[in-house]
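Trainee: What follows is start-v8.cif, mmCIF, C-alpha atoms.
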data_coords
#
loop_
_atom_site.group_PDB
_atom_site.id
_atom_site.type_symbol
_atom_site.label_atom_id
_atom_site.label_comp_id
_atom_site.auth_asym_id
_atom_site.auth_seq_id
_atom_site.Cartn_x
_atom_site.Cartn_y
_atom_site.Cartn_z
ATOM 1 C CA ILE L 1 230.968 -52.730 -101.684
ATOM 2 C CA ARG L 2 231.428 -55.608 -99.221
ATOM 3 C CA ALA L 3 234.768 -56.612 -100.717
ATOM 4 C CA ARG L 4 235.979 -53.015 -100.673
ATOM 5 C CA LEU L 5 234.774 -52.683 -97.094
ATOM 6 C CA ALA L 6 236.814 -55.743 -96.133
ATOM 7 C CA LEU L 7 239.933 -54.246 -97.716
ATOM 8 C CA ALA L 8 239.356 -50.789 -96.244
ATOM 9 C CA ALA L 9 238.678 -52.189 -92.774
ATOM 10 C CA ALA L 10 241.839 -54.284 -92.926
ATOM 11 C CA GLU L 11 243.909 -51.242 -93.914
ATOM 12 C CA ALA L 12 242.267 -49.179 -91.168
ATOM 13 C CA LEU L 13 243.414 -51.809 -88.666
ATOM 14 C CA GLY L 14 246.963 -51.944 -89.985
ATOM 15 C CA VAL L 15 246.771 -54.960 -92.308
ATOM 16 C CA GLU L 16 248.469 -54.794 -95.698
ATOM 17 C CA ARG L 17 245.921 -54.689 -98.518
ATOM 18 C CA GLU L 18 247.530 -57.651 -100.286
ATOM 19 C CA ALA L 19 247.148 -59.808 -97.185
ATOM 20 C CA ALA L 20 243.402 -59.137 -97.101
ATOM 21 C CA LEU L 21 242.608 -59.900 -100.753
ATOM 22 C CA GLY L 22 241.638 -63.508 -100.063
ATOM 23 C CA TRP L 23 239.253 -62.388 -97.331
ATOM 24 C CA ALA L 24 237.701 -59.687 -99.507
ATOM 25 C CA ALA L 25 237.140 -62.256 -102.259
ATOM 26 C CA ALA L 26 235.497 -64.628 -99.788
ATOM 27 C CA VAL L 27 233.019 -61.980 -98.644
ATOM 28 C CA GLU L 28 232.190 -60.960 -102.207
ATOM 29 C CA LEU L 29 231.681 -64.553 -103.339
ATOM 30 C CA LEU L 30 229.336 -65.240 -100.445
ATOM 31 C CA HIS L 31 227.316 -62.108 -101.171
ATOM 32 C CA ASN L 32 226.906 -62.995 -104.841
ATOM 33 C CA ALA L 33 225.847 -66.524 -103.929
ATOM 34 C CA THR L 34 222.963 -65.064 -101.957
ATOM 35 C CA LEU L 35 222.010 -62.829 -104.905
ATOM 36 C CA LEU L 36 221.827 -65.787 -107.285
ATOM 37 C CA HIS L 37 219.446 -67.607 -104.953
ATOM 38 C CA ASP L 38 217.553 -64.422 -104.106
ATOM 39 C CA ASP L 39 216.759 -63.746 -107.764
ATOM 40 C CA VAL L 40 215.350 -67.247 -108.152
ATOM 41 C CA GLN L 41 213.221 -66.921 -105.022
ATOM 42 C CA ASP L 42 211.899 -63.476 -105.929
ATOM 43 C CA GLY L 43 211.508 -64.147 -109.644
ATOM 44 C CA ASP L 44 213.559 -61.059 -110.504
ATOM 45 C CA ARG L 45 214.515 -61.030 -114.175
ATOM 46 C CA THR L 46 217.077 -58.204 -114.050
ATOM 47 C CA ARG L 47 220.090 -57.632 -111.808
ATOM 48 C CA ARG L 48 222.427 -54.657 -112.249
ATOM 49 C CA GLY L 49 220.877 -53.867 -115.605
ATOM 50 C CA ARG L 50 221.385 -57.381 -117.035
ATOM 51 C CA PRO L 51 219.254 -60.544 -117.216
ATOM 52 C CA THR L 52 219.580 -62.620 -114.047
ATOM 53 C CA ALA L 53 221.317 -65.993 -114.085
ATOM 54 C CA TRP L 54 218.088 -68.018 -113.943
ATOM 55 C CA VAL L 55 216.695 -66.089 -116.914
ATOM 56 C CA ARG L 56 219.828 -66.733 -118.977
ATOM 57 C CA HIS L 57 220.582 -70.305 -117.935
ATOM 58 C CA GLY L 58 217.470 -71.656 -116.204
ATOM 59 C CA VAL L 59 216.616 -72.153 -112.542
ATOM 60 C CA PRO L 60 218.554 -75.427 -111.998
ATOM 61 C CA GLN L 61 221.833 -73.961 -113.240
ATOM 62 C CA ALA L 62 221.315 -70.737 -111.314
ATOM 63 C CA ILE L 63 220.892 -72.804 -108.151
ATOM 64 C CA ASN L 64 224.042 -74.750 -109.025
ATOM 65 C CA ALA L 65 225.955 -71.505 -109.533
ATOM 66 C CA GLY L 66 224.726 -70.198 -106.188
ATOM 67 C CA ASP L 67 225.654 -73.440 -104.440
ATOM 68 C CA LEU L 68 229.137 -73.318 -105.960
ATOM 69 C CA MET L 69 229.611 -69.759 -104.787
ATOM 70 C CA LEU L 70 228.623 -70.767 -101.266
ATOM 71 C CA MET L 71 231.617 -73.131 -101.232
ATOM 72 C CA LEU L 72 234.181 -70.909 -102.941
ATOM 73 C CA PRO L 73 234.564 -68.445 -100.022
ATOM 74 C CA PHE L 74 236.156 -71.154 -97.910
ATOM 75 C CA LEU L 75 238.709 -71.792 -100.664
ATOM 76 C CA ALA L 76 239.347 -68.058 -100.938
ATOM 77 C CA VAL L 77 240.128 -67.917 -97.217
ATOM 78 C CA GLY L 78 243.003 -70.273 -97.953
ATOM 79 C CA ARG L 79 244.608 -67.450 -99.933
ATOM 80 C CA ALA L 80 244.503 -65.009 -97.042
ATOM 81 C CA GLN L 81 248.015 -64.240 -95.870
ATOM 82 C CA THR L 82 247.705 -65.413 -92.283
ATOM 83 C CA ASP L 83 248.194 -68.503 -90.139
ATOM 84 C CA ASP L 84 245.918 -71.540 -89.927
ATOM 85 C CA ASP L 85 244.475 -70.565 -86.552
ATOM 86 C CA ILE L 86 243.149 -67.281 -87.931
ATOM 87 C CA ARG L 87 241.947 -69.034 -91.093
ATOM 88 C CA TRP L 88 239.872 -71.319 -88.872
ATOM 89 C CA HIS L 89 238.264 -68.314 -87.176
ATOM 90 C CA LEU L 90 237.644 -66.702 -90.574
ATOM 91 C CA CYS L 91 235.842 -69.841 -91.753
ATOM 92 C CA ALA L 92 233.806 -69.947 -88.549
ATOM 93 C CA ALA L 93 232.797 -66.302 -89.062
ATOM 94 C CA LEU L 94 231.818 -67.040 -92.659
ATOM 95 C CA ALA L 95 229.602 -69.949 -91.613
ATOM 96 C CA ARG L 96 227.999 -68.047 -88.723
ATOM 97 C CA ARG L 97 227.219 -64.878 -90.651
ATOM 98 C CA ALA L 98 226.026 -66.895 -93.680
ATOM 99 C CA THR L 99 223.637 -68.730 -91.372
ATOM 100 C CA ASP L 100 222.325 -65.386 -90.133
ATOM 101 C CA THR L 101 221.867 -64.255 -93.738
ATOM 102 C CA VAL L 102 219.799 -67.302 -94.673
ATOM 103 C CA ARG L 103 217.661 -66.911 -91.569
ATOM 104 C CA GLY L 104 217.064 -63.263 -92.443
ATOM 105 C CA GLN L 105 216.067 -64.183 -95.984
ATOM 106 C CA ALA L 106 213.706 -66.854 -94.675
ATOM 107 C CA GLU L 107 212.106 -64.373 -92.294
ATOM 108 C CA GLU L 108 211.717 -61.801 -95.063
ATOM 109 C CA LEU L 109 209.908 -64.326 -97.259
ATOM 110 C CA GLU L 110 207.449 -64.956 -94.413
ATOM 111 C CA LEU L 111 206.665 -61.323 -93.578
ATOM 112 C CA LEU L 112 203.756 -61.057 -95.989
ATOM 113 C CA GLU L 113 202.642 -64.662 -95.667
ATOM 114 C CA ARG L 114 202.278 -64.347 -91.895
ATOM 115 C CA GLY L 115 201.109 -60.752 -91.920
ATOM 116 C CA ARG L 116 204.182 -59.478 -90.083
ATOM 117 C CA LEU L 117 204.203 -55.888 -91.229
ATOM 118 C CA ASP L 118 205.536 -54.552 -87.927
ATOM 119 C CA GLN L 119 208.858 -52.796 -87.424
ATOM 120 C CA GLU L 120 210.352 -55.443 -85.133
ATOM 121 C CA SER L 121 209.802 -58.323 -87.560
ATOM 122 C CA PHE L 122 211.098 -56.254 -90.461
ATOM 123 C CA ASP L 123 214.212 -55.172 -88.567
ATOM 124 C CA ARG L 124 214.993 -58.744 -87.551
ATOM 125 C CA ALA L 125 214.785 -59.952 -91.157
ATOM 126 C CA VAL L 126 216.928 -57.098 -92.471
ATOM 127 C CA ALA L 127 219.560 -57.500 -89.765
ATOM 128 C CA GLY L 128 220.114 -61.051 -90.954
ATOM 129 C CA LYS L 129 219.697 -60.629 -94.669
ATOM 130 C CA THR L 130 221.709 -57.426 -95.142
ATOM 131 C CA GLY L 131 223.483 -56.568 -91.918
ATOM 132 C CA ALA L 132 225.249 -59.893 -91.420
ATOM 133 C CA LEU L 133 227.431 -59.660 -94.529
ATOM 134 C CA ILE L 134 228.367 -56.029 -93.847
ATOM 135 C CA ALA L 135 229.424 -57.056 -90.348
ATOM 136 C CA LEU L 136 231.268 -60.089 -91.722
ATOM 137 C CA ALA L 137 233.586 -57.968 -93.860
ATOM 138 C CA VAL L 138 234.765 -56.020 -90.816
ATOM 139 C CA GLU L 139 234.894 -59.011 -88.464
ATOM 140 C CA GLY L 140 237.286 -60.851 -90.770
ATOM 141 C CA ALA L 141 239.463 -57.789 -91.205
ATOM 142 C CA ALA L 142 239.749 -57.509 -87.432
ATOM 143 C CA LEU L 143 240.742 -61.170 -87.181
ATOM 144 C CA LEU L 144 243.473 -60.595 -89.766
ATOM 145 C CA ALA L 145 244.644 -57.640 -87.660
ATOM 146 C CA GLY L 146 245.196 -59.965 -84.709
ATOM 147 C CA ARG L 147 242.097 -59.059 -82.689
ATOM 148 C CA SER L 148 240.542 -61.777 -80.564
ATOM 149 C CA PRO L 149 237.465 -63.572 -81.988
ATOM 150 C CA ASP L 150 235.186 -61.814 -79.451
ATOM 151 C CA GLU L 151 236.656 -58.385 -80.175
ATOM 152 C CA ALA L 152 236.493 -58.971 -83.931
ATOM 153 C CA ARG L 153 232.855 -60.000 -83.688
ATOM 154 C CA SER L 154 232.051 -56.914 -81.630
ATOM 155 C CA LEU L 155 233.682 -54.630 -84.194
ATOM 156 C CA GLY L 156 231.733 -56.337 -86.965
ATOM 157 C CA ASP L 157 228.480 -55.899 -85.062
ATOM 158 C CA CYS L 158 229.103 -52.140 -84.953
ATOM 159 C CA PHE L 159 228.490 -52.118 -88.698
ATOM 160 C CA MET L 160 225.143 -53.934 -88.474
ATOM 161 C CA PRO L 161 223.130 -50.660 -88.468
ATOM 162 C CA LEU L 162 224.755 -49.799 -91.786
ATOM 163 C CA GLY L 163 223.342 -53.020 -93.212
ATOM 164 C CA THR L 164 219.873 -51.827 -92.238
ATOM 165 C CA LEU L 165 220.697 -48.406 -93.703
ATOM 166 C CA PHE L 166 221.671 -50.044 -96.998
ATOM 167 C CA GLN L 167 218.402 -51.982 -97.100
ATOM 168 C CA LEU L 168 216.306 -48.913 -96.344
ATOM 169 C CA GLN L 169 217.939 -46.880 -99.099
ATOM 170 C CA ASP L 170 217.509 -49.822 -101.482
ATOM 171 C CA ASP L 171 213.780 -49.880 -100.688
ATOM 172 C CA VAL L 172 213.559 -46.127 -101.321
ATOM 173 C CA VAL L 173 215.492 -46.366 -104.596
ATOM 174 C CA ASP L 174 213.133 -49.060 -105.876
ATOM 175 C CA LEU L 175 210.205 -46.625 -105.860
ATOM 176 C CA PHE L 176 211.789 -43.187 -105.884
ATOM 177 C CA GLY L 177 215.063 -43.715 -107.761
ATOM 178 C CA ASP L 178 216.717 -45.975 -110.326
ATOM 179 C CA LYS L 179 217.502 -49.547 -109.301
ATOM 180 C CA GLY L 180 218.795 -50.540 -112.740
ATOM 181 C CA ARG L 181 215.741 -52.669 -113.498
ATOM 182 C CA GLY L 182 214.232 -50.411 -116.122
ATOM 183 C CA ARG L 183 211.202 -49.362 -114.067
ATOM 184 C CA ALA L 184 210.075 -48.469 -110.579
ATOM 185 C CA GLY L 185 208.214 -50.855 -108.317
ATOM 186 C CA SER L 186 209.901 -54.232 -108.708
ATOM 187 C CA ASP L 187 209.590 -54.714 -104.938
ATOM 188 C CA LEU L 188 205.825 -54.195 -105.184
ATOM 189 C CA GLU L 189 205.617 -56.618 -108.110
ATOM 190 C CA GLU L 190 207.346 -59.365 -106.148
ATOM 191 C CA GLY L 191 205.220 -58.695 -103.052
ATOM 192 C CA LYS L 192 208.087 -57.571 -100.871
ATOM 193 C CA VAL L 193 207.424 -56.082 -97.443
ATOM 194 C CA SER L 194 209.738 -53.089 -97.692
ATOM 195 C CA ALA L 195 210.626 -50.379 -95.201
ATOM 196 C CA LEU L 196 208.086 -48.131 -96.927
ATOM 197 C CA VAL L 197 205.338 -50.717 -96.494
ATOM 198 C CA VAL L 198 206.101 -51.060 -92.789
ATOM 199 C CA ALA L 199 206.218 -47.297 -92.304
ATOM 200 C CA HIS L 200 202.953 -46.718 -94.152
ATOM 201 C CA VAL L 201 201.080 -49.382 -92.177
ATOM 202 C CA ALA L 202 202.382 -47.891 -88.919
ATOM 203 C CA LEU L 203 201.191 -44.434 -89.949
ATOM 204 C CA HIS L 204 197.926 -45.543 -91.564
ATOM 205 C CA PRO L 205 196.693 -48.834 -90.047
ATOM 206 C CA ARG L 206 193.438 -48.636 -92.007
ATOM 207 C CA ASP L 207 195.424 -48.970 -95.256
ATOM 208 C CA ARG L 208 196.760 -52.375 -94.236
ATOM 209 C CA ALA L 209 194.194 -54.417 -96.178
ATOM 210 C CA TRP L 210 194.657 -52.327 -99.315
ATOM 211 C CA LEU L 211 198.439 -52.581 -99.169
ATOM 212 C CA VAL L 212 198.375 -56.333 -98.543
ATOM 213 C CA SER L 213 196.140 -56.744 -101.613
ATOM 214 C CA VAL L 214 198.703 -54.836 -103.695
ATOM 215 C CA LEU L 215 201.556 -57.005 -102.445
ATOM 216 C CA ARG L 216 199.647 -60.252 -102.976
ATOM 217 C CA ALA L 217 198.720 -59.411 -106.558
ATOM 218 C CA SER L 218 200.689 -61.320 -109.177
ATOM 219 C CA ARG L 219 203.296 -59.564 -111.300
ATOM 220 C CA GLU L 220 200.841 -59.525 -114.201
ATOM 221 C CA GLU L 221 198.149 -58.003 -111.995
ATOM 222 C CA THR L 222 200.434 -55.272 -110.631
ATOM 223 C CA THR L 223 199.856 -52.526 -113.184
ATOM 224 C CA PRO L 224 201.931 -49.341 -113.620
ATOM 225 C CA ALA L 225 198.902 -47.410 -112.362
ATOM 226 C CA MET L 226 198.888 -49.438 -109.124
ATOM 227 C CA VAL L 227 202.586 -48.801 -108.654
ATOM 228 C CA ALA L 228 202.205 -45.068 -109.318
ATOM 229 C CA HIS L 229 199.290 -44.837 -106.878
ATOM 230 C CA THR L 230 201.239 -46.646 -104.157
ATOM 231 C CA ILE L 231 204.258 -44.399 -104.669
ATOM 232 C CA GLU L 232 202.013 -41.365 -104.313
ATOM 233 C CA ARG L 233 200.457 -42.720 -101.109
ATOM 234 C CA PHE L 234 203.872 -43.424 -99.608
ATOM 235 C CA ALA L 235 205.027 -39.890 -100.380
ATOM 236 C CA ILE L 236 201.906 -37.995 -99.318
ATOM 237 C CA GLY L 237 201.171 -40.231 -96.321
ATOM 238 C CA GLY L 238 204.581 -39.713 -94.716
ATOM 239 C CA ALA L 239 206.114 -43.174 -95.163
ATOM 240 C CA LEU L 240 208.930 -41.832 -97.329
ATOM 241 C CA ARG L 241 209.738 -39.127 -94.787
ATOM 242 C CA ARG L 242 209.756 -41.656 -91.945
ATOM 243 C CA VAL L 243 212.154 -43.989 -93.770
ATOM 244 C CA LEU L 244 214.480 -41.129 -94.717
ATOM 245 C CA ASP L 245 214.493 -39.979 -91.088
ATOM 246 C CA ARG L 246 215.378 -43.485 -89.967
ATOM 247 C CA ILE L 247 218.270 -43.621 -92.416
ATOM 248 C CA GLU L 248 219.648 -40.446 -90.824
ATOM 249 C CA ALA L 249 219.186 -41.947 -87.351
ATOM 250 C CA LEU L 250 221.082 -45.106 -88.301
ATOM 251 C CA ASP L 251 223.940 -43.001 -89.627
ATOM 252 C CA GLU L 252 224.039 -41.096 -86.350
ATOM 253 C CA GLN L 253 223.911 -44.340 -84.343
ATOM 254 C CA THR L 254 227.119 -45.476 -85.998
ATOM 255 C CA ALA L 255 228.743 -42.096 -85.464
ATOM 256 C CA ILE L 256 228.268 -42.242 -81.682
ATOM 257 C CA ASP L 257 228.918 -45.975 -81.208
ATOM 258 C CA PRO L 258 231.242 -46.217 -78.159
ATOM 259 C CA VAL L 259 233.078 -49.265 -79.515
ATOM 260 C CA LEU L 260 233.890 -47.461 -82.767
ATOM 261 C CA GLY L 261 234.836 -44.454 -80.678
ATOM 262 C CA ARG L 262 237.892 -46.440 -79.606
ATOM 263 C CA GLU L 263 238.710 -47.198 -83.253
ATOM 264 C CA PRO L 264 238.835 -43.788 -85.006
ATOM 265 C CA ALA L 265 239.905 -45.217 -88.367
ATOM 266 C CA LEU L 266 237.005 -47.666 -88.393
ATOM 267 C CA ARG L 267 234.564 -44.993 -87.308
ATOM 268 C CA THR L 268 235.693 -42.806 -90.204
ATOM 269 C CA LEU L 269 235.236 -45.776 -92.517
ATOM 270 C CA ALA L 270 231.705 -46.323 -91.181
ATOM 271 C CA ARG L 271 230.790 -42.683 -91.825
ATOM 272 C CA ASP L 272 232.219 -42.881 -95.341
ATOM 273 C CA LEU L 273 230.231 -46.054 -95.981
ATOM 274 C CA ALA L 274 227.022 -44.388 -94.792
ATOM 275 C CA ARG L 275 227.607 -41.483 -97.169
ATOM 276 C CA LEU L 276 228.248 -43.901 -100.026
ATOM 277 C CA ALA L 277 225.082 -45.839 -99.212
ATOM 278 C CA THR L 278 222.928 -42.739 -99.333
ATOM 279 C CA LEU L 279 224.281 -41.402 -102.632
ATOM 280 C CA PRO L 280 221.457 -43.009 -104.702
ATOM 281 C CA ILE L 281 218.821 -41.199 -102.622
ATOM 282 C CA ARG L 282 220.604 -37.884 -102.153
ATOM 283 C CA ASN L 283 218.103 -36.107 -104.419
ATOM 284 C CA VAL L 284 215.024 -37.871 -103.038
ATOM 285 C CA ARG L 285 212.802 -35.455 -101.160
ATOM 286 C CA ALA L 286 209.836 -36.349 -98.978
#
The structure in this file should be written as structure tokens.
Mentor:
Amino acid sequence: IRARLALAAAEALGVEREAALGWAAAVELLHNATLLHDDVQDGDRTRRGRPTAWVRHGVPQAINAGDLMLMLPFLAVGRAQTDDDIRWHLCAALARRATDTVRGQAEELELLERGRLDQESFDRAVAGKTGALIALAVEGAALLAGRSPDEARSLGDCFMPLGTLFQLQDDVVDLFGDKGRGRAGSDLEEGKVSALVVAHVALHPRDRAWLVSVLRASREETTPAMVAHTIERFAIGGALRRVLDRIEALDEQTAIDPVLGREPALRTLARDLARLATLPIRNVRA
């Protein structure tokens, strides 16, 4: 999705698709690097319906693969059809947004450990972990289109809410849809503070201790019955409805963004991306 977003954003801004291929590859390589490391950190054994890299080749080689893919984006930028000055700004954007992504991942890993189940802490982690790479795709496309670094960064930032939207729908799919991992509740098994967790604690503060105990249980201790009970509580208690409402609000926020209002083609792209992001949860009802 991020690579296609980079290509679509470039075309929306008047850049030939061929000229943006190197940039799209760079964004996709960076994203997959984070997934390789993320699977190791979370202990996830399945990704996109297949065994994860660390399961197939061991943790050390999965880390090596992730490290390699952190370097490859900068080589891919060299294939972008542009001048060296713009390539420099593309590399700077890659480094800056990658830094934001790592910070977001670090914050997410500390949410449960430090008891940060509030909306502000969650939003800050998600903005870095998910929003940064969505914004990066558009920022680079704008640079290729000849926009100034400040303007390109501003256009990329307009897509940050869609990163949060993607994360929220991913959290919903994990419990109420099909994430391609063979079962529901992998986020609960790994002890992840999801949007549903945050929403439920906000609605039912007295359930905090119970929910923390579920998240802190080991994978072996997290039984299907525990997962089913938690799903039921999220649905009946209103957490699912609150997260679905927030997804709609984020979509609307992008639709009325004044910066995107001056870029009709990009605004249309943002709306299309929001619709694509919500496809997996289209049949989910609170």
Trainee: Given the choices L:Val227, L:Ala53, L:Met160, L:Leu240, which gets closest to Ala195 in chain L if the distance is worked out from all atoms listed in the file?
Mentor: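 The shortest atom-to-atom distance to Ala195 in chain L comes from L:Leu240.
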Trainee: With distances taken over all atoms listed in the file, which residue among L:Leu68, L:Gly115, L:Ala249, L:Leu143 lies nearest Gly156 in chain L?
Mentor: L:Leu143
Trainee: Residues within 12 Å of (205.8, -51.3, -94.4), file coordinates, counting all atoms listed in the file: what are they? Give the list as a PyMOL selection string.
Mentor: chain L and resi 111-112+115-123+168+171-172+187-188+191-205+207-208+211-212+215+230+234+238-240+242-243
Trainee: When you count all atoms listed in the file, which of these residues is closest to Thr99 in chain L: L:Val214, L:Arg79, L:Thr34, L:Pro60?
Mentor: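 Distance minimum relative to Thr99 in chain L lands on L:Thr34.
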Trainee: Looking at only C-alpha atoms, which of L:Ala270, L:Cys158, L:Val173, L:Ile86 is the one that sits closest to Gly131 in chain L?
Mentor: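 The shortest atom-to-atom distance to Gly131 in chain L comes from L:Cys158.
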Trainee: Just so the selection is clear, what residues does the PyMOL selection byres ((chain L and resi 250) around 9) cover here, as an mmCIF file with C-alpha atoms, in the frame of the given file?
Mentor:
data_model
loop_
_atom_site.group_PDB
_atom_site.id
_atom_site.type_symbol
_atom_site.label_atom_id
_atom_site.label_comp_id
_atom_site.auth_asym_id
_atom_site.auth_seq_id
_atom_site.Cartn_x
_atom_site.Cartn_y
_atom_site.Cartn_z
ATOM 1 C CA PRO L 161 223.130 -50.660 -88.468
ATOM 2 C CA LEU L 162 224.755 -49.799 -91.786
ATOM 3 C CA THR L 164 219.873 -51.827 -92.238
ATOM 4 C CA LEU L 165 220.697 -48.406 -93.703
ATOM 5 C CA ASP L 245 214.493 -39.979 -91.088
ATOM 6 C CA ARG L 246 215.378 -43.485 -89.967
ATOM 7 C CA ILE L 247 218.270 -43.621 -92.416
ATOM 8 C CA GLU L 248 219.648 -40.446 -90.824
ATOM 9 C CA ALA L 249 219.186 -41.947 -87.351
ATOM 10 C CA ASP L 251 223.940 -43.001 -89.627
ATOM 11 C CA GLU L 252 224.039 -41.096 -86.350
ATOM 12 C CA GLN L 253 223.911 -44.340 -84.343
ATOM 13 C CA THR L 254 227.119 -45.476 -85.998
ATOM 14 C CA ALA L 255 228.743 -42.096 -85.464
ATOM 15 C CA ALA L 274 227.022 -44.388 -94.792
#
Trainee: Taking into account only C-alpha atoms, which residue in the set L:Pro149, L:Glu18, L:Trp54, L:Gly66 is nearest to Arg87 in chain L?
Mentor: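 Among the listed residues, the smallest separation from Arg87 in chain L belongs to L:Pro149.
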Trainee: Go ahead and compute the interatomic distance for CA of His31 in chain L and CA of Asp150 in chain L, in Å to one decimal.
Mentor: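 Between CA of His31 in chain L and CA of Asp150 in chain L the gap is 23.1 Å.
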